[in-house]
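Next comes query_13.cif, a file with mmCIF, C-alpha atoms.
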data_structure
loop_
_atom_site.label_atom_id
_atom_site.label_comp_id
_atom_site.auth_asym_id
_atom_site.auth_seq_id
_atom_site.Cartn_x
_atom_site.Cartn_y
_atom_site.Cartn_z
CA MET A 1 25.16 29.18 -4.81
CA ASN A 2 21.37 29.17 -4.97
CA TYR A 3 18.99 29.08 -2.05
CA LEU A 4 18.52 25.30 -2.28
CA ASP A 5 22.26 24.59 -2.04
CA ASN A 6 22.57 27.07 0.80
CA PHE A 7 19.83 25.28 2.73
CA LEU A 8 20.95 21.71 1.98
CA PHE A 9 24.59 22.26 2.83
CA GLY A 10 24.33 25.13 5.30
CA TYR A 11 21.28 24.48 7.47
CA TYR A 12 20.20 20.91 6.72
CA PRO A 13 23.30 19.35 8.38
CA TYR A 14 22.36 20.96 11.71
CA ILE A 15 18.76 19.79 11.39
CA CYS A 16 19.97 16.23 10.80
CA LEU A 17 22.47 16.29 13.67
CA THR A 18 19.90 17.74 16.08
CA VAL A 19 17.29 15.09 15.23
CA PHE A 20 19.99 12.41 15.32
CA LEU A 21 21.15 13.27 18.86
CA LEU A 22 17.90 14.36 20.51
CA GLY A 23 15.85 11.70 18.75
CA SER A 24 18.20 8.94 19.90
CA LEU A 25 18.08 10.24 23.47
CA LEU A 26 14.28 10.45 23.51
CA ARG A 27 13.86 6.98 22.03
CA PHE A 28 16.21 5.49 24.60
CA ASP A 29 14.32 7.27 27.37
CA ARG A 30 10.78 6.49 26.22
CA ASP A 31 10.91 3.33 24.07
CA GLN A 32 13.73 1.16 25.34
CA TYR A 33 11.84 -2.00 24.36
CA THR A 34 12.22 -1.01 20.68
CA TRP A 35 15.96 -0.35 21.10
CA LYS A 36 17.21 -3.44 19.29
CA SER A 37 18.46 -4.67 15.95
CA ASP A 38 15.36 -6.83 15.27
CA SER A 39 17.45 -9.70 13.97
CA SER A 40 15.72 -12.19 11.66
CA GLN A 41 18.45 -14.80 12.05
CA LEU A 42 16.03 -17.34 13.55
CA LEU A 43 13.94 -17.25 10.38
CA ARG A 44 16.82 -17.92 8.00
CA ALA A 45 20.53 -17.56 8.72
CA GLY A 46 22.26 -18.67 5.51
CA GLN A 47 22.27 -15.51 3.40
CA LEU A 48 22.26 -13.32 6.49
CA ARG A 49 25.72 -14.54 7.52
CA TRP A 50 27.41 -13.34 4.34
CA GLY A 51 25.29 -10.24 3.90
CA SER A 52 25.54 -9.01 7.47
CA ASN A 53 29.30 -9.59 7.77
CA LEU A 54 30.13 -7.89 4.46
CA PHE A 55 27.78 -5.00 5.21
CA HIS A 56 29.13 -4.35 8.71
CA VAL A 57 32.78 -4.62 7.67
CA GLY A 58 32.18 -2.22 4.81
CA ILE A 59 30.08 0.37 6.57
CA LEU A 60 32.18 0.48 9.76
CA PHE A 61 35.38 1.06 7.80
CA LEU A 62 33.72 3.73 5.66
CA PHE A 63 32.17 5.45 8.68
CA PHE A 64 35.46 5.78 10.54
CA GLY A 65 37.33 6.49 7.31
CA HIS A 66 35.00 9.35 6.41
CA THR A 67 35.10 10.68 9.97
CA VAL A 68 38.89 10.71 10.21
CA GLY A 69 39.48 11.74 6.62
CA MET A 70 37.05 14.65 6.55
CA LEU A 71 37.46 15.99 10.07
CA THR A 72 41.26 15.81 10.34
CA PRO A 73 42.78 19.23 9.49
CA HIS A 74 45.16 19.27 6.54
CA PHE A 75 48.14 20.50 8.60
CA VAL A 76 48.07 17.29 10.68
CA TYR A 77 49.00 14.98 7.80
CA GLU A 78 50.61 17.54 5.45
CA PRO A 79 54.21 16.82 6.62
CA PHE A 80 54.06 13.18 5.47
CA MET A 81 51.19 12.98 2.97
CA THR A 82 50.08 15.24 0.14
CA ALA A 83 46.43 15.92 -0.62
CA GLY A 84 46.70 13.90 -3.83
CA ALA A 85 48.15 10.89 -1.97
CA LYS A 86 45.39 11.10 0.62
CA GLN A 87 42.76 11.17 -2.12
CA LEU A 88 44.30 8.15 -3.83
CA LEU A 89 44.37 6.25 -0.54
CA ALA A 90 40.73 7.15 0.08
CA MET A 91 39.73 6.03 -3.42
CA ILE A 92 41.44 2.63 -3.13
CA SER A 93 40.43 1.77 0.43
CA GLY A 94 36.97 3.29 0.05
CA GLY A 95 36.44 1.42 -3.20
CA ILE A 96 37.38 -1.95 -1.68
CA PHE A 97 35.25 -1.62 1.42
CA GLY A 98 32.52 0.13 -0.54
CA VAL A 99 32.22 -2.98 -2.71
CA PHE A 100 32.09 -5.13 0.43
CA GLY A 101 29.29 -3.02 1.86
CA PHE A 102 27.42 -2.83 -1.43
CA ILE A 103 27.44 -6.62 -1.87
CA GLY A 104 26.42 -7.08 1.75
CA VAL A 105 23.48 -4.68 1.66
CA SER A 106 22.38 -6.14 -1.70
CA LEU A 107 22.24 -9.60 -0.12
CA LEU A 108 20.31 -8.27 2.87
CA LEU A 109 17.84 -6.41 0.66
CA HIS A 110 17.33 -9.42 -1.63
CA ARG A 111 16.78 -11.65 1.38
CA ARG A 112 14.23 -9.32 2.93
CA LEU A 113 12.28 -8.81 -0.29
CA THR A 114 12.22 -12.39 -1.59
CA ASP A 115 11.81 -14.47 1.56
CA ALA A 116 8.10 -14.61 2.38
CA ARG A 117 8.57 -15.20 6.11
CA ILE A 118 11.08 -12.38 6.52
CA ARG A 119 9.03 -10.02 4.35
CA ALA A 120 5.96 -10.71 6.52
CA THR A 121 7.83 -9.77 9.71
CA SER A 122 9.56 -6.71 8.21
CA LYS A 123 8.58 -3.16 8.95
CA THR A 124 8.30 -0.54 6.25
CA SER A 125 11.21 1.29 7.85
CA ASP A 126 13.40 -1.82 7.47
CA ILE A 127 12.92 -1.97 3.71
CA VAL A 128 13.20 1.81 3.24
CA LEU A 129 16.41 1.86 5.28
CA LEU A 130 18.01 -0.92 3.23
CA CYS A 131 17.03 0.82 -0.01
CA LEU A 132 18.59 4.08 1.19
CA LEU A 133 21.77 2.30 2.27
CA TRP A 134 21.96 0.49 -1.07
CA LEU A 135 21.62 3.80 -2.92
CA GLN A 136 24.18 5.45 -0.65
CA PHE A 137 26.75 2.75 -1.34
CA ALA A 138 26.04 3.03 -5.08
CA LEU A 139 26.51 6.82 -5.01
CA GLY A 140 29.71 6.46 -3.02
CA LEU A 141 31.16 4.04 -5.54
CA ALA A 142 30.03 6.36 -8.36
CA THR A 143 32.17 9.17 -6.94
CA ILE A 144 35.38 7.17 -7.49
CA PRO A 145 35.52 7.57 -11.31
CA LEU A 146 34.75 11.27 -10.88
CA SER A 147 37.54 11.64 -8.31
CA ALA A 148 39.95 9.89 -10.69
CA GLN A 149 39.52 12.78 -13.12
CA HIS A 150 41.26 15.19 -10.71
CA LEU A 151 43.90 13.47 -8.59
CA ASP A 152 45.34 16.68 -7.18
CA GLY A 153 43.08 16.38 -4.13
CA GLY A 154 41.53 19.81 -4.61
CA MET A 155 37.90 18.68 -4.45
CA MET A 156 38.60 16.39 -1.53
CA MET A 157 40.14 19.31 0.35
CA ARG A 158 37.04 21.42 -0.25
CA LEU A 159 34.76 18.62 0.95
CA ALA A 160 36.85 18.18 4.09
CA GLU A 161 36.90 21.91 4.75
CA TRP A 162 33.09 21.96 4.37
CA ALA A 163 32.71 19.23 7.02
CA GLN A 164 35.15 20.95 9.38
CA ARG A 165 33.35 24.27 9.09
CA ILE A 166 30.01 22.58 9.77
CA VAL A 167 31.15 20.88 12.99
CA THR A 168 32.96 24.00 14.20
CA PHE A 169 30.02 26.31 13.37
CA ARG A 170 32.02 28.49 10.99
CA ALA A 171 30.42 30.46 8.18
CA GLY A 172 31.00 29.97 4.47
CA ALA A 173 30.62 26.19 4.35
CA PRO A 174 28.09 25.97 1.45
CA GLU A 175 30.23 28.14 -0.83
CA LEU A 176 32.96 25.47 -0.78
CA LEU A 177 30.67 23.10 -2.69
CA ALA A 178 29.88 25.49 -5.53
CA GLU A 179 31.97 23.44 -7.99
CA ALA A 180 31.07 20.00 -6.63
CA GLY A 181 29.28 17.69 -9.03
CA PHE A 182 25.77 16.35 -8.63
CA ILE A 183 26.96 12.87 -7.56
CA PHE A 184 29.02 14.31 -4.72
CA LYS A 185 26.13 16.47 -3.54
CA ALA A 186 23.63 13.62 -3.77
CA HIS A 187 25.97 11.36 -1.80
CA MET A 188 26.37 13.99 0.92
CA PHE A 189 22.65 14.78 1.07
CA LEU A 190 21.67 11.13 1.39
CA GLY A 191 24.33 10.55 4.03
CA MET A 192 22.91 13.40 6.12
CA SER A 193 19.38 12.10 5.58
CA ILE A 194 20.36 8.70 6.99
CA PHE A 195 21.40 10.49 10.18
CA LEU A 196 18.01 12.23 10.12
CA ILE A 197 16.01 8.98 10.10
CA PHE A 198 18.49 7.17 12.39
CA PRO A 199 16.46 7.49 15.63
CA PHE A 200 13.31 6.08 13.98
CA THR A 201 14.86 2.87 12.64
CA ARG A 202 16.73 -0.18 13.90
CA LEU A 203 19.97 1.76 13.39
CA VAL A 204 19.75 2.91 17.02
CA HIS A 205 21.41 -0.37 18.02
CA VAL A 206 24.65 1.18 16.72
CA TRP A 207 24.80 3.21 19.94
CA SER A 208 24.74 -0.02 21.94
CA GLY A 209 27.58 -1.39 19.83
CA PHE A 210 29.75 1.59 20.68
CA GLY A 211 28.57 1.37 24.29
CA THR A 212 30.13 -2.07 24.65
CA LEU A 213 33.54 -0.36 24.66
CA ALA A 214 32.73 0.62 28.26
CA TYR A 215 33.25 -3.02 29.23
CA VAL A 216 36.99 -2.48 28.71
CA VAL A 217 37.19 -0.19 31.75
CA ARG A 218 34.32 -1.74 33.69
CA PRO A 219 35.32 -3.23 37.09
CA TYR A 220 35.14 -6.97 37.51
CA GLN A 221 31.81 -8.39 38.57
CA LEU A 222 32.10 -10.74 41.54
CA VAL A 223 29.69 -13.65 41.49
CA ARG A 224 29.28 -15.49 44.79
CA SER A 225 27.47 -18.76 45.15
CA ARG A 226 24.61 -18.89 47.61
CA ARG A 227 26.00 -22.21 48.82
CA VAL A 228 29.33 -20.80 49.97
CA GLY A 229 30.05 -21.93 53.52
CA MET A 230 27.51 -24.76 53.43
CA ALA A 231 28.56 -28.38 53.73
CA PRO A 232 28.28 -30.22 50.41
CA ARG A 233 25.29 -32.49 50.13
CA ALA A 234 26.16 -36.19 50.26
CA PRO A 235 25.35 -38.00 47.02
CA ALA A 236 22.49 -40.47 47.09
CA SER A 237 23.55 -44.10 47.28
CA GLN A 238 22.63 -46.40 44.47
CA GLY A 239 19.18 -47.89 44.92
CA GLY A 240 18.44 -45.70 47.95
CA ARG A 241 16.56 -42.45 48.43
CA PRO A 242 18.37 -39.24 49.40
CA PHE A 243 17.67 -37.86 52.84
#
Show the structure stored in the file as structure tokens.
Amino acid sequence: MNYLDNFLFGYYPYICLTVFLLGSLLRFDRDQYTWKSDSSQLLRAGQLRWGSNLFHVGILFLFFGHTVGMLTPHFVYEPFMTAGAKQLLAMISGGIFGVFGFIGVSLLLHRRLTDARIRATSKTSDIVLLCLLWLQFALGLATIPLSAQHLDGGMMMRLAEWAQRIVTFRAGAPELLAEAGFIFKAHMFLGMSIFLIFPFTRLVHVWSGFGTLAYVVRPYQLVRSRRVGMAPRAPASQGGRPF
């Protein structure tokens, strides 16, 4: 391991997570007016419907899939699933939803770059974010053929162990990636970088999406009419004026 790998996969994850959490908190506290998705649906909804739905279905599945797959210890699923079977499941499901997300973000990027009205109302961060997401999907799909060359699950186990050591603050995480290929490392680096820029883009609305789960346990809101207890007003007769 050289110094660059040690920094990128040993220290850089903590930098990204710190900026991600503190930056989101500060933006919510200081700039709540900018805490929104900045939808351009009113300008043109046709291509947005397909692009947005495919993108969100793909990225939400991949986010939770990566979270569960990489942070779940091996002994939890070892009794009923081998490492090779888990890798094959990840390749198939990740490939399907990765294609969904890639098509969706491609439609969104094409729409934002080619529609004059939407391009005029777009921020630089909007275009940069879509480009990074497009590249991240492409890198993720590119890892599938590489994973198919070793179906024993060994590399996947090392990647998962790296993630678990990072979140549990254990030493030796970068050394686990010594044999990982460039595509895997680029995919991981770009994924961490998206968390780094998260608080400065429209991605902050993701927090609000997760926050809506609180409505499940929220008490009922009672709405009382201001006219409760008052006698109903008599309707005006035809041709006459109401009193």
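For the choices A:Lys36, A:Arg170, A:Arg202, A:His56, the atom-to-atom distance to Val128 of chain A is smallest for A:Arg202 when using all atoms listed in the file.
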Query raised in the report: Gly140 of chain A: which residues within 10 Å, counting only C-alpha atoms, same-chain residues fewer than 6 positions away excluded, as a PyMOL selection string?
Result: chain A and resi 62+94-95+98-99+102+134+183-184+186-188+191
Mind writing the picked residues with C-alpha atoms as a tab-separated table (two decimals), in the frame of the given file?
chain	number	residue	atom	x	y	z
A	62	LEU	CA	33.72	3.73	5.66
A	94	GLY	CA	36.97	3.29	0.05
A	95	GLY	CA	36.44	1.42	-3.20
A	98	GLY	CA	32.52	0.13	-0.54
A	99	VAL	CA	32.22	-2.98	-2.71
A	102	PHE	CA	27.42	-2.83	-1.43
A	134	TRP	CA	21.96	0.49	-1.07
A	183	ILE	CA	26.96	12.87	-7.56
A	184	PHE	CA	29.02	14.31	-4.72
A	186	ALA	CA	23.63	13.62	-3.77
A	187	HIS	CA	25.97	11.36	-1.80
A	188	MET	CA	26.37	13.99	0.92
A	191	GLY	CA	24.33	10.55	4.03
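When the PyMOL selection byres ((chain A and resi 174) around 6) is run on the displayed coordinates, the residues it returns are Asn6, Phe9, Gly10, Gly172, Ala173, Glu175, Leu176 and Leu177 of chain A.
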Query - Hits from the PyMOL selection byres ((chain A and resi 150-158) around 10), listed as number ranges by chain - result: A: 69-70, 73-74, 82-88, 90-91, 145-149, 159-164, 173, 175-181, 184
Quick one: write out the picked residues with C-alpha atoms as a PDB file, in the coordinates of the input?
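File again-v6.pdb, as written:
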ATOM      1  CA  GLY A  69      39.480  11.740   6.620  1.00  0.00           C
ATOM      2  CA  MET A  70      37.050  14.650   6.550  1.00  0.00           C
ATOM      3  CA  PRO A  73      42.780  19.230   9.490  1.00  0.00           C
ATOM      4  CA  HIS A  74      45.160  19.270   6.540  1.00  0.00           C
ATOM      5  CA  THR A  82      50.080  15.240   0.140  1.00  0.00           C
ATOM      6  CA  ALA A  83      46.430  15.920  -0.620  1.00  0.00           C
ATOM      7  CA  GLY A  84      46.700  13.900  -3.830  1.00  0.00           C
ATOM      8  CA  ALA A  85      48.150  10.890  -1.970  1.00  0.00           C
ATOM      9  CA  LYS A  86      45.390  11.100   0.620  1.00  0.00           C
ATOM     10  CA  GLN A  87      42.760  11.170  -2.120  1.00  0.00           C
ATOM     11  CA  LEU A  88      44.300   8.150  -3.830  1.00  0.00           C
ATOM     12  CA  ALA A  90      40.730   7.150   0.080  1.00  0.00           C
ATOM     13  CA  MET A  91      39.730   6.030  -3.420  1.00  0.00           C
ATOM     14  CA  PRO A 145      35.520   7.570 -11.310  1.00  0.00           C
ATOM     15  CA  LEU A 146      34.750  11.270 -10.880  1.00  0.00           C
ATOM     16  CA  SER A 147      37.540  11.640  -8.310  1.00  0.00           C
ATOM     17  CA  ALA A 148      39.950   9.890 -10.690  1.00  0.00           C
ATOM     18  CA  GLN A 149      39.520  12.780 -13.120  1.00  0.00           C
ATOM     19  CA  LEU A 159      34.760  18.620   0.950  1.00  0.00           C
ATOM     20  CA  ALA A 160      36.850  18.180   4.090  1.00  0.00           C
ATOM     21  CA  GLU A 161      36.900  21.910   4.750  1.00  0.00           C
ATOM     22  CA  TRP A 162      33.090  21.960   4.370  1.00  0.00           C
ATOM     23  CA  ALA A 163      32.710  19.230   7.020  1.00  0.00           C
ATOM     24  CA  GLN A 164      35.150  20.950   9.380  1.00  0.00           C
ATOM     25  CA  ALA A 173      30.620  26.190   4.350  1.00  0.00           C
ATOM     26  CA  GLU A 175      30.230  28.140  -0.830  1.00  0.00           C
ATOM     27  CA  LEU A 176      32.960  25.470  -0.780  1.00  0.00           C
ATOM     28  CA  LEU A 177      30.670  23.100  -2.690  1.00  0.00           C
ATOM     29  CA  ALA A 178      29.880  25.490  -5.530  1.00  0.00           C
ATOM     30  CA  GLU A 179      31.970  23.440  -7.990  1.00  0.00           C
ATOM     31  CA  ALA A 180      31.070  20.000  -6.630  1.00  0.00           C
ATOM     32  CA  GLY A 181      29.280  17.690  -9.030  1.00  0.00           C
ATOM     33  CA  PHE A 184      29.020  14.310  -4.720  1.00  0.00           C
TER      34      PHE A 184
END
Query raised in the report: atom CA of Arg111 of chain A and atom CA of Leu48 of chain A, how far apart in Å?
Result: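 Between atom CA of Leu48 of chain A and atom CA of Arg111 of chain A the gap works out to 7.7 Å.
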Requested in this report: Record the distance separating atom CA of Phe20 of chain A and atom CA of Val206 of chain A, expressed in Å with one decimal.
Outcome: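 These atoms are spaced 12.2 Å apart.
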Query raised in the report: For this file, the PyMOL selection byres ((chain A and resi 19) around 9) selects which residues, as a ChimeraX atom specification?
Result: /A:14-18,20-24,195-199
Could you please take those selected residues and save C-alpha atoms as a PDB file, keeping the file's coordinate frame?
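Result file follows (part.pdb):
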ATOM      1  CA  TYR A  14      22.360  20.960  11.710  1.00  0.00           C
ATOM      2  CA  ILE A  15      18.760  19.790  11.390  1.00  0.00           C
ATOM      3  CA  CYS A  16      19.970  16.230  10.800  1.00  0.00           C
ATOM      4  CA  LEU A  17      22.470  16.290  13.670  1.00  0.00           C
ATOM      5  CA  THR A  18      19.900  17.740  16.080  1.00  0.00           C
ATOM      6  CA  PHE A  20      19.990  12.410  15.320  1.00  0.00           C
ATOM      7  CA  LEU A  21      21.150  13.270  18.860  1.00  0.00           C
ATOM      8  CA  LEU A  22      17.900  14.360  20.510  1.00  0.00           C
ATOM      9  CA  GLY A  23      15.850  11.700  18.750  1.00  0.00           C
ATOM     10  CA  SER A  24      18.200   8.940  19.900  1.00  0.00           C
ATOM     11  CA  PHE A 195      21.400  10.490  10.180  1.00  0.00           C
ATOM     12  CA  LEU A 196      18.010  12.230  10.120  1.00  0.00           C
ATOM     13  CA  ILE A 197      16.010   8.980  10.100  1.00  0.00           C
ATOM     14  CA  PHE A 198      18.490   7.170  12.390  1.00  0.00           C
ATOM     15  CA  PRO A 199      16.460   7.490  15.630  1.00  0.00           C
TER      16      PRO A 199
END
Report summary line: Using only C-alpha atoms, the residue out of A:Val223, A:Leu135, A:Val57, A:Leu129 with shortest distance to Leu203 of chain A is A:Leu129
Using only C-alpha atoms, which residues sit within 8 Å of Val105 of chain A once same-chain residues fewer than 5 positions away are excluded, as a compact mmCIF listing (two decimals) with C-alpha atoms, keeping the file's coordinate frame?
# COMPACT_ATOMS: atom_id res chain seq x y z
CA GLY A 51 25.29 -10.24 3.90
CA SER A 52 25.54 -9.01 7.47
CA LEU A 54 30.13 -7.89 4.46
CA PHE A 55 27.78 -5.00 5.21
CA LEU A 130 18.01 -0.92 3.23
CA LEU A 133 21.77 2.30 2.27
CA TRP A 134 21.96 0.49 -1.07
Query raised in the report: Pick from A:Cys131, A:Ser225, A:Tyr215, A:Thr201: nearest to Thr34 of chain A, with all atoms listed in the file counted?
Result: A:Thr201
Query raised in the report: What is the distance, in Å and to one decimal place, between atom CA of Leu26 of chain A and atom CA of Lys123 of chain A?
Result: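 These atoms are spaced 20.7 Å apart.
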